[in-house]
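Asker: File follows, run.txt with compact mmCIF, C-alpha atoms and all ligand atoms:
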```
# COMPACT_ATOMS: atom_id res chain seq x y z
CA MET A 29 8.03 -34.54 15.19
CA SER A 30 7.40 -30.85 15.83
CA LEU A 31 10.21 -28.32 15.57
CA ILE A 32 8.98 -26.89 18.89
CA HIS A 33 11.25 -29.39 20.67
CA ASP A 34 14.35 -27.83 19.07
CA ILE A 35 13.54 -24.31 20.28
CA ASP A 36 15.68 -22.92 23.10
CA LYS A 37 13.05 -21.53 25.50
CA ASN A 38 15.64 -19.13 26.96
CA LYS A 39 16.28 -17.45 23.60
CA VAL A 40 12.78 -16.77 22.40
CA PRO A 41 12.28 -13.19 21.09
CA SER A 42 9.88 -11.35 23.36
CA HIS A 43 8.36 -9.35 20.50
CA VAL A 44 7.81 -10.81 17.03
CA ALA A 45 6.23 -8.72 14.26
CA ILE A 46 4.91 -10.14 11.01
CA ILE A 47 4.13 -8.65 7.60
CA MET A 48 1.46 -11.08 6.41
CA ASP A 49 1.78 -10.94 2.63
CA GLY A 50 0.62 -13.04 -0.31
CA ASN A 51 -3.06 -13.68 0.43
CA GLY A 52 -4.09 -12.46 -3.03
CA ARG A 53 -1.48 -14.55 -4.84
CA TRP A 54 -2.39 -17.59 -2.75
CA ALA A 55 -6.01 -17.17 -3.84
CA GLN A 56 -5.00 -16.80 -7.48
CA GLN A 57 -2.85 -19.93 -7.24
CA HIS A 58 -5.89 -21.84 -5.94
CA GLY A 59 -8.31 -20.40 -8.51
CA LYS A 60 -10.18 -18.41 -5.87
CA VAL A 61 -11.12 -14.74 -5.52
CA ARG A 62 -8.70 -12.52 -3.52
CA VAL A 63 -11.02 -12.25 -0.55
CA MET A 64 -10.81 -16.05 -0.09
CA GLY A 65 -7.07 -15.57 0.36
CA HIS A 66 -7.70 -13.18 3.24
CA SER A 67 -10.10 -15.70 4.83
CA ALA A 68 -7.43 -18.39 4.57
CA GLY A 69 -5.01 -15.89 6.11
CA VAL A 70 -7.16 -15.68 9.22
CA ASP A 71 -6.52 -19.39 9.85
CA SER A 72 -2.77 -18.69 9.76
CA VAL A 73 -3.26 -15.81 12.21
CA LYS A 74 -4.87 -18.16 14.71
CA LEU A 75 -2.25 -20.90 14.29
CA VAL A 76 0.67 -18.50 14.58
CA LEU A 77 -0.81 -16.65 17.58
CA ARG A 78 -1.15 -19.93 19.44
CA ALA A 79 2.30 -21.14 18.38
CA ALA A 80 3.89 -17.86 19.53
CA ASP A 81 2.12 -18.12 22.88
CA ASN A 82 3.21 -21.75 23.27
CA ILE A 83 6.91 -20.87 23.09
CA GLY A 84 6.65 -17.79 25.32
CA VAL A 85 6.59 -14.86 22.88
CA LYS A 86 5.15 -11.93 24.88
CA PHE A 87 4.09 -9.62 22.05
CA LEU A 88 2.98 -10.56 18.55
CA THR A 89 2.34 -7.64 16.19
CA LEU A 90 0.57 -8.47 12.92
CA TYR A 91 0.40 -6.02 10.01
CA ALA A 92 -3.22 -6.64 9.00
CA PHE A 93 -4.04 -3.44 7.16
CA SER A 94 -1.68 -0.64 6.18
CA ILE A 95 -2.60 2.99 5.70
CA GLU A 96 -1.80 2.46 2.02
CA ASN A 97 -4.31 -0.43 1.86
CA TRP A 98 -7.14 2.16 1.94
CA ASN A 99 -6.26 2.71 -1.73
CA ARG A 100 -7.35 -0.80 -2.73
CA PRO A 101 -10.72 -1.29 -4.47
CA LYS A 102 -13.51 -0.38 -2.07
CA TYR A 103 -15.04 -3.85 -2.05
CA GLU A 104 -11.71 -5.38 -1.00
CA VAL A 105 -11.15 -2.79 1.74
CA ASN A 106 -14.66 -3.49 3.07
CA ALA A 107 -14.13 -7.24 2.83
CA ILE A 108 -10.84 -7.11 4.79
CA ILE A 109 -12.29 -4.85 7.48
CA SER A 110 -15.43 -6.94 7.94
CA LEU A 111 -13.35 -10.11 8.02
CA ILE A 112 -11.17 -8.67 10.77
CA MET A 113 -14.15 -7.42 12.77
CA ARG A 114 -16.00 -10.73 12.38
CA THR A 115 -12.92 -12.66 13.48
CA LEU A 116 -12.42 -10.47 16.54
CA LYS A 117 -16.06 -10.92 17.59
CA ASN A 118 -16.00 -14.70 17.04
CA ASP A 119 -12.64 -15.19 18.69
CA LEU A 120 -13.12 -13.07 21.78
CA PRO A 121 -14.18 -16.11 23.90
CA ASP A 122 -11.08 -17.90 22.60
CA PHE A 123 -8.86 -14.93 23.60
CA MET A 124 -10.37 -15.04 27.08
CA GLU A 125 -9.88 -18.79 27.39
CA ASN A 126 -6.25 -18.52 26.29
CA ASN A 127 -5.45 -15.42 28.35
CA VAL A 128 -4.66 -13.35 25.21
CA ARG A 129 -4.57 -9.56 25.59
CA PHE A 130 -5.71 -7.77 22.44
CA GLU A 131 -4.44 -4.32 21.49
CA THR A 132 -4.23 -2.33 18.28
CA ILE A 133 -2.00 0.37 16.76
CA GLY A 134 -2.66 2.72 13.86
CA ASP A 135 -4.61 5.75 12.73
CA HIS A 136 -8.20 4.77 13.40
CA SER A 137 -9.76 8.08 12.34
CA ARG A 138 -11.24 6.57 9.15
CA LEU A 139 -12.95 3.65 10.88
CA THR A 140 -16.72 3.49 11.29
CA SER A 141 -18.10 3.78 14.81
CA LYS A 142 -19.17 0.12 14.54
CA SER A 143 -15.61 -1.03 13.81
CA LEU A 144 -14.26 1.17 16.59
CA ALA A 145 -16.79 -0.32 18.99
CA THR A 146 -15.66 -3.86 18.09
CA LEU A 147 -12.00 -2.95 18.62
CA HIS A 148 -12.71 -1.32 21.97
CA GLU A 149 -14.89 -4.20 23.11
CA CYS A 150 -12.01 -6.59 22.46
CA ILE A 151 -9.41 -4.32 24.10
CA ASP A 152 -11.56 -3.76 27.21
CA ALA A 153 -12.59 -7.38 27.63
CA THR A 154 -9.00 -8.66 27.42
CA LYS A 155 -7.16 -5.85 29.21
CA ASN A 156 -6.51 -7.85 32.39
CA ASN A 157 -5.32 -10.97 30.57
CA THR A 158 -1.70 -11.74 31.33
CA GLY A 159 -0.70 -14.03 28.46
CA ILE A 160 0.58 -13.02 25.03
CA THR A 161 -0.33 -9.52 23.79
CA PHE A 162 -1.70 -9.66 20.25
CA VAL A 163 -1.10 -6.24 18.66
CA LEU A 164 -3.11 -5.66 15.51
CA ALA A 165 -1.45 -3.07 13.25
CA PHE A 166 -4.58 -1.74 11.58
CA SER A 167 -4.70 1.30 9.31
CA TYR A 168 -1.09 1.55 10.42
CA GLY A 169 1.76 3.37 8.70
CA ALA A 170 5.11 4.11 10.32
CA ARG A 171 5.53 7.52 8.68
CA ASN A 172 2.08 8.50 9.91
CA GLU A 173 3.05 7.25 13.38
CA ILE A 174 6.27 9.30 13.40
CA THR A 175 4.44 12.38 12.07
CA VAL A 176 1.78 12.16 14.78
CA ALA A 177 4.46 11.64 17.44
CA THR A 178 6.36 14.70 16.18
CA GLN A 179 3.20 16.82 16.33
CA ARG A 180 2.50 15.66 19.90
CA ILE A 181 6.08 16.34 20.99
CA ALA A 182 5.94 19.83 19.46
CA GLU A 183 2.64 20.43 21.25
CA ALA A 184 4.18 19.34 24.58
CA VAL A 185 7.14 21.70 24.07
CA LYS A 186 4.77 24.52 23.14
CA ASN A 187 2.63 24.11 26.25
CA GLY A 188 5.68 23.71 28.50
CA THR A 189 5.21 20.08 29.67
CA LEU A 190 8.39 19.06 27.81
CA SER A 191 11.60 21.01 27.25
CA LEU A 192 13.66 20.86 24.06
CA GLY A 193 16.69 19.54 25.96
CA GLU A 194 14.71 16.64 27.35
CA ILE A 195 14.00 15.15 23.92
CA ASP A 196 16.07 12.03 23.34
CA GLU A 197 15.50 8.67 21.62
CA SER A 198 13.41 7.37 24.49
CA THR A 199 11.13 10.43 24.22
CA ILE A 200 10.43 9.57 20.57
CA SER A 201 9.69 5.93 21.49
CA LYS A 202 7.32 7.10 24.21
CA TYR A 203 5.24 9.11 21.74
CA LEU A 204 4.85 6.30 19.19
CA TYR A 205 1.77 4.04 19.04
CA THR A 206 4.03 1.25 20.32
CA SER A 207 5.16 3.08 23.49
CA LYS A 208 4.14 0.18 25.75
CA TYR A 209 6.02 -2.51 23.85
CA PRO A 210 9.67 -3.43 23.53
CA ASP A 211 11.08 -3.07 20.01
CA PRO A 212 10.54 -6.25 17.96
CA GLU A 213 13.66 -8.43 18.00
CA PHE A 214 12.36 -10.37 15.02
CA ILE A 215 10.39 -9.35 11.92
CA ILE A 216 9.01 -11.93 9.49
CA ARG A 217 7.70 -11.21 5.99
CA THR A 218 6.02 -13.84 3.85
CA SER A 219 5.50 -14.13 0.06
CA GLY A 220 9.03 -13.51 -1.20
CA GLU A 221 8.96 -9.71 -0.93
CA TYR A 222 11.97 -8.00 0.66
CA ARG A 223 10.53 -4.73 1.92
CA LEU A 224 9.40 -3.11 5.17
CA SER A 225 6.45 -1.35 3.50
CA ASN A 226 6.17 1.44 6.08
CA PHE A 227 6.04 -1.01 9.02
CA LEU A 228 7.68 -0.18 12.39
CA LEU A 229 10.43 1.95 10.79
CA TRP A 230 11.72 3.40 14.08
CA GLN A 231 11.25 0.23 16.13
CA SER A 232 13.05 -2.06 13.65
CA ALA A 233 16.46 -0.36 13.99
CA TYR A 234 18.03 -3.53 15.47
CA SER A 235 15.49 -6.18 14.42
CA GLU A 236 16.50 -9.41 12.78
CA PHE A 237 14.64 -10.08 9.53
CA TYR A 238 13.32 -13.32 8.12
CA PHE A 239 11.92 -13.64 4.62
CA THR A 240 10.14 -16.68 3.24
CA ASP A 241 8.67 -17.36 -0.20
CA LEU A 242 5.59 -18.95 1.36
CA PHE A 243 2.33 -17.05 0.98
CA TRP A 244 0.76 -16.08 4.31
CA PRO A 245 -2.08 -18.69 4.15
CA ASP A 246 0.64 -21.38 3.85
CA PHE A 247 2.57 -20.10 6.88
CA HIS A 248 1.50 -22.26 9.81
CA ARG A 249 2.76 -23.46 13.18
CA GLU A 250 5.81 -25.41 11.98
CA GLU A 251 6.81 -22.66 9.54
CA PHE A 252 6.74 -20.21 12.46
CA PHE A 253 8.92 -22.52 14.56
CA ALA A 254 11.37 -22.84 11.63
CA ALA A 255 11.63 -19.03 11.55
CA ILE A 256 12.26 -18.88 15.31
CA LEU A 257 15.00 -21.53 15.00
CA ASP A 258 16.64 -19.41 12.30
CA PHE A 259 16.53 -16.39 14.65
CA GLN A 260 18.14 -18.43 17.43
CA LYS A 261 21.15 -19.23 15.22
CA ARG A 262 21.97 -15.55 14.78
CA GLU A 263 24.28 -13.39 16.85
CA ARG A 264 22.86 -9.98 17.69
CA ARG A 265 25.74 -7.53 18.11
CA PHE A 266 24.10 -4.05 18.28
CA GLY A 267 27.17 -2.50 16.67
CA LYS A 268 29.68 -4.31 18.91
CA THR A 269 32.24 -6.90 17.82
CA SER A 270 31.57 -10.61 18.05
CA ALA A 271 34.20 -10.95 20.82
CA GLN A 272 32.53 -8.24 22.89
CA VAL A 273 29.14 -9.90 22.60
CA LYS A 274 30.50 -13.32 23.66
CA LYS A 275 32.14 -11.93 26.81
C1 LIG B 1 -1.59 -9.02 2.31
O1 LIG B 1 -1.81 -9.87 1.22
C2 LIG B 1 -2.67 -9.17 3.28
C3 LIG B 1 -3.55 -8.20 3.67
C4 LIG B 1 -3.47 -6.82 3.15
C5 LIG B 1 -4.67 -8.47 4.60
C6 LIG B 1 -4.27 -9.34 5.75
C7 LIG B 1 -5.42 -9.56 6.62
C8 LIG B 1 -5.72 -10.75 7.20
C9 LIG B 1 -4.94 -11.98 6.99
C10 LIG B 1 -6.84 -10.80 8.16
C11 LIG B 1 -6.25 -10.74 9.53
C12 LIG B 1 -7.28 -10.93 10.54
C13 LIG B 1 -7.06 -10.71 11.86
C14 LIG B 1 -8.15 -10.88 12.82
C15 LIG B 1 -5.76 -10.29 12.34
P1 LIG B 1 -2.05 -9.23 -0.22
O2 LIG B 1 -3.50 -9.09 -0.43
O3 LIG B 1 -1.26 -7.98 -0.35
O4 LIG B 1 -1.48 -10.35 -1.12
P2 LIG B 1 -0.86 -10.17 -2.60
O5 LIG B 1 0.40 -9.36 -2.42
O6 LIG B 1 -0.59 -11.58 -3.02
O7 LIG B 1 -1.90 -9.48 -3.44
```
As structure tokens - that is how I would like this structure written.
Answerer:
Amino acid sequence: MSLIHDIDKNKVPSHVAIIMDGNGRWAQQHGKVRVMGHSAGVDSVKLVLRAADNIGVKFLTLYAFSIENWNRPKYEVNAIISLIMRTLKNDLPDFMENNVRFETIGDHSRLTSKSLATLHECIDATKNNTGITFVLAFSYGARNEITVATQRIAEAVKNGTLSLGEIDESTISKYLYTSKYPDPEFIIRTSGEYRLSNFLLWQSAYSEFYFTDLFWPDFHREEFFAAILDFQKRERRFGKTSAQVKK
């Protein structure tokens, strides 16, 4: 029996973000080359996207490629990027059929015009879809995001469209790549690592975290539901006392 039946549909996080880790180690464990681990990881992406949609998650952000990942061997960087682009092209009809809206966050200045065209094709084609929003964090780094936001805020103050006194926490949020999305209530990281690795540093201030030893290619539908059930057992207090929250 699927764990989906145990999930309280009224307590589903609206934004779930995932650090997909362990593809390389999964490949090693199975006697395959690293790139095969990334291919297997794509299958998990599809299963988890559908599972999240099935229970009513509105935004799913997946950390597919960090700014630091550019430092990997060139052949692996190229392999990951072409895998992502190939998947987006192949799966666009599937996104349309399932009403998935595709968006992406990150610093895309190092991408080739071909990759940019694929991303924009997917964003444009799905922009009127009203189902789950799949946010691909691609060439993403939170410190880069905060730096760029700070530069843009300074620019706005300099040219007079924003005054110093107007800057508050919501201003900062508005200038981040994620301005259109609510902060993620729930962040999952696979592969037994307990780090944020420069992912959504500002947005994760009140997120609940879930860590599993499973490598990403072994994280499927039921494993996602198990994580959601764990989230639903928690009490989110935002600095208040338990009694205050229960009132
Ligand atoms: C981390 O595992 C994984 C990545 C850096 C790449 C993840 C990319 C995908 C799964 C493709 C996603 C595709 C779409 C369309 C979203 P790792 O290589 O760091 O694993 P390791 O720590 O075991 O070496």
Asker: Give the answer as one residue: which of A:Ser225, A:Gln260, A:Thr146, A:Asn106 has the shortest atom-to-atom distance to Lys39 of chain A, using only C-alpha atoms?
Answerer: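 Result for the nearest residue to Lys39 of chain A: A:Gln260.
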Asker: Identify, counting all atoms listed in the file, the protein, DNA and RNA residues located within 7 Å of ligand LIG 1 (chain B), and give them as a PDB file with C-alpha atoms, in the coordinates of the input.
Answerer:
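Result file follows (part_26.pdb):
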```
ATOM      1  CA  MET A  48       1.460 -11.080   6.410  1.00  0.00           C
ATOM      2  CA  ASP A  49       1.780 -10.940   2.630  1.00  0.00           C
ATOM      3  CA  GLY A  50       0.620 -13.040  -0.310  1.00  0.00           C
ATOM      4  CA  ASN A  51      -3.060 -13.680   0.430  1.00  0.00           C
ATOM      5  CA  GLY A  52      -4.090 -12.460  -3.030  1.00  0.00           C
ATOM      6  CA  ARG A  53      -1.480 -14.550  -4.840  1.00  0.00           C
ATOM      7  CA  TRP A  54      -2.390 -17.590  -2.750  1.00  0.00           C
ATOM      8  CA  ARG A  62      -8.700 -12.520  -3.520  1.00  0.00           C
ATOM      9  CA  HIS A  66      -7.700 -13.180   3.240  1.00  0.00           C
ATOM     10  CA  SER A  67     -10.100 -15.700   4.830  1.00  0.00           C
ATOM     11  CA  GLY A  69      -5.010 -15.890   6.110  1.00  0.00           C
ATOM     12  CA  VAL A  70      -7.160 -15.680   9.220  1.00  0.00           C
ATOM     13  CA  VAL A  73      -3.260 -15.810  12.210  1.00  0.00           C
ATOM     14  CA  LEU A  90       0.570  -8.470  12.920  1.00  0.00           C
ATOM     15  CA  ALA A  92      -3.220  -6.640   9.000  1.00  0.00           C
ATOM     16  CA  PHE A  93      -4.040  -3.440   7.160  1.00  0.00           C
ATOM     17  CA  ASN A  97      -4.310  -0.430   1.860  1.00  0.00           C
ATOM     18  CA  ILE A 108     -10.840  -7.110   4.790  1.00  0.00           C
ATOM     19  CA  LEU A 111     -13.350 -10.110   8.020  1.00  0.00           C
ATOM     20  CA  ILE A 112     -11.170  -8.670  10.770  1.00  0.00           C
ATOM     21  CA  MET A 113     -14.150  -7.420  12.770  1.00  0.00           C
ATOM     22  CA  THR A 115     -12.920 -12.660  13.480  1.00  0.00           C
ATOM     23  CA  LEU A 116     -12.420 -10.470  16.540  1.00  0.00           C
ATOM     24  CA  LEU A 164      -3.110  -5.660  15.510  1.00  0.00           C
TER      25      LEU A 164
END
```
Asker: So how many Å separate atom CA of Ile160 of chain A and atom CA of Tyr238 of chain A, to one decimal?
Answerer: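 The value is 21.2 Å.
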Asker: Contacts of segment 200-209 of chain A at 10 Å or less, counting all atoms listed in the file, minus same-chain residues fewer than 6 places along, as a tab-separated table (two decimals) with C-alpha atoms, in the frame of the given file?
Answerer:
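Once everything was written out, this is result28.tsv:
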```tsv
chain	number	residue	atom	x	y	z
A	42	SER	CA	9.88	-11.35	23.36
A	43	HIS	CA	8.36	-9.35	20.50
A	86	LYS	CA	5.15	-11.93	24.88
A	87	PHE	CA	4.09	-9.62	22.05
A	89	THR	CA	2.34	-7.64	16.19
A	132	THR	CA	-4.23	-2.33	18.28
A	133	ILE	CA	-2.00	0.37	16.76
A	134	GLY	CA	-2.66	2.72	13.86
A	135	ASP	CA	-4.61	5.75	12.73
A	161	THR	CA	-0.33	-9.52	23.79
A	163	VAL	CA	-1.10	-6.24	18.66
A	165	ALA	CA	-1.45	-3.07	13.25
A	168	TYR	CA	-1.09	1.55	10.42
A	170	ALA	CA	5.11	4.11	10.32
A	172	ASN	CA	2.08	8.50	9.91
A	173	GLU	CA	3.05	7.25	13.38
A	174	ILE	CA	6.27	9.30	13.40
A	175	THR	CA	4.44	12.38	12.07
A	176	VAL	CA	1.78	12.16	14.78
A	177	ALA	CA	4.46	11.64	17.44
A	178	THR	CA	6.36	14.70	16.18
A	179	GLN	CA	3.20	16.82	16.33
A	180	ARG	CA	2.50	15.66	19.90
A	181	ILE	CA	6.08	16.34	20.99
A	228	LEU	CA	7.68	-0.18	12.39
A	230	TRP	CA	11.72	3.40	14.08
A	231	GLN	CA	11.25	0.23	16.13
```
Asker: Give me the residues within 12 Å of Ala80 of chain A as a ChimeraX atom specification, counting all atoms listed in the file and dropping any in the same chain fewer than 2 places off.
Answerer: /A:32,35,37,40-46,72-78,82-90,128,159-162,248-256
Asker: Take the residues from that selection and write them out as a compact mmCIF listing (two decimals), in the coordinates of the input, keeping C-alpha atoms.
Answerer:
```
# COMPACT_ATOMS: atom_id res chain seq x y z
CA ILE A 32 8.98 -26.89 18.89
CA ILE A 35 13.54 -24.31 20.28
CA LYS A 37 13.05 -21.53 25.50
CA VAL A 40 12.78 -16.77 22.40
CA PRO A 41 12.28 -13.19 21.09
CA SER A 42 9.88 -11.35 23.36
CA HIS A 43 8.36 -9.35 20.50
CA VAL A 44 7.81 -10.81 17.03
CA ALA A 45 6.23 -8.72 14.26
CA ILE A 46 4.91 -10.14 11.01
CA SER A 72 -2.77 -18.69 9.76
CA VAL A 73 -3.26 -15.81 12.21
CA LYS A 74 -4.87 -18.16 14.71
CA LEU A 75 -2.25 -20.90 14.29
CA VAL A 76 0.67 -18.50 14.58
CA LEU A 77 -0.81 -16.65 17.58
CA ARG A 78 -1.15 -19.93 19.44
CA ASN A 82 3.21 -21.75 23.27
CA ILE A 83 6.91 -20.87 23.09
CA GLY A 84 6.65 -17.79 25.32
CA VAL A 85 6.59 -14.86 22.88
CA LYS A 86 5.15 -11.93 24.88
CA PHE A 87 4.09 -9.62 22.05
CA LEU A 88 2.98 -10.56 18.55
CA THR A 89 2.34 -7.64 16.19
CA LEU A 90 0.57 -8.47 12.92
CA VAL A 128 -4.66 -13.35 25.21
CA GLY A 159 -0.70 -14.03 28.46
CA ILE A 160 0.58 -13.02 25.03
CA THR A 161 -0.33 -9.52 23.79
CA PHE A 162 -1.70 -9.66 20.25
CA HIS A 248 1.50 -22.26 9.81
CA ARG A 249 2.76 -23.46 13.18
CA GLU A 250 5.81 -25.41 11.98
CA GLU A 251 6.81 -22.66 9.54
CA PHE A 252 6.74 -20.21 12.46
CA PHE A 253 8.92 -22.52 14.56
CA ALA A 254 11.37 -22.84 11.63
CA ALA A 255 11.63 -19.03 11.55
CA ILE A 256 12.26 -18.88 15.31
```
Asker: With all atoms listed in the file as the basis for distance, which of A:Glu236, A:Glu125, A:Glu194, A:Arg138 is at the shortest distance from Ile95 of chain A?
Answerer: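 Answer, going by the shortest atom-to-atom distance: A:Arg138.
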Asker: Just to confirm, what's the straight-line distance from atom CA of Phe266 of chain A to atom CA of Phe214 of chain A in Å (one decimal)?
Answerer: 13.7 Å
Asker: Under the rule that all atoms listed in the file are counted, which of A:Arg171, A:Thr199, A:Arg223, A:Ile216 is the nearest residue to Val185 of chain A?
Answerer: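 Using all atoms listed in the file, the shortest distance to Val185 of chain A belongs to A:Thr199.
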Asker: Would you mind reading off the distance between atom CA of Pro212 of chain A and atom CA of Ser232 of chain A, one decimal, in Å?
Answerer: 6.5 Å
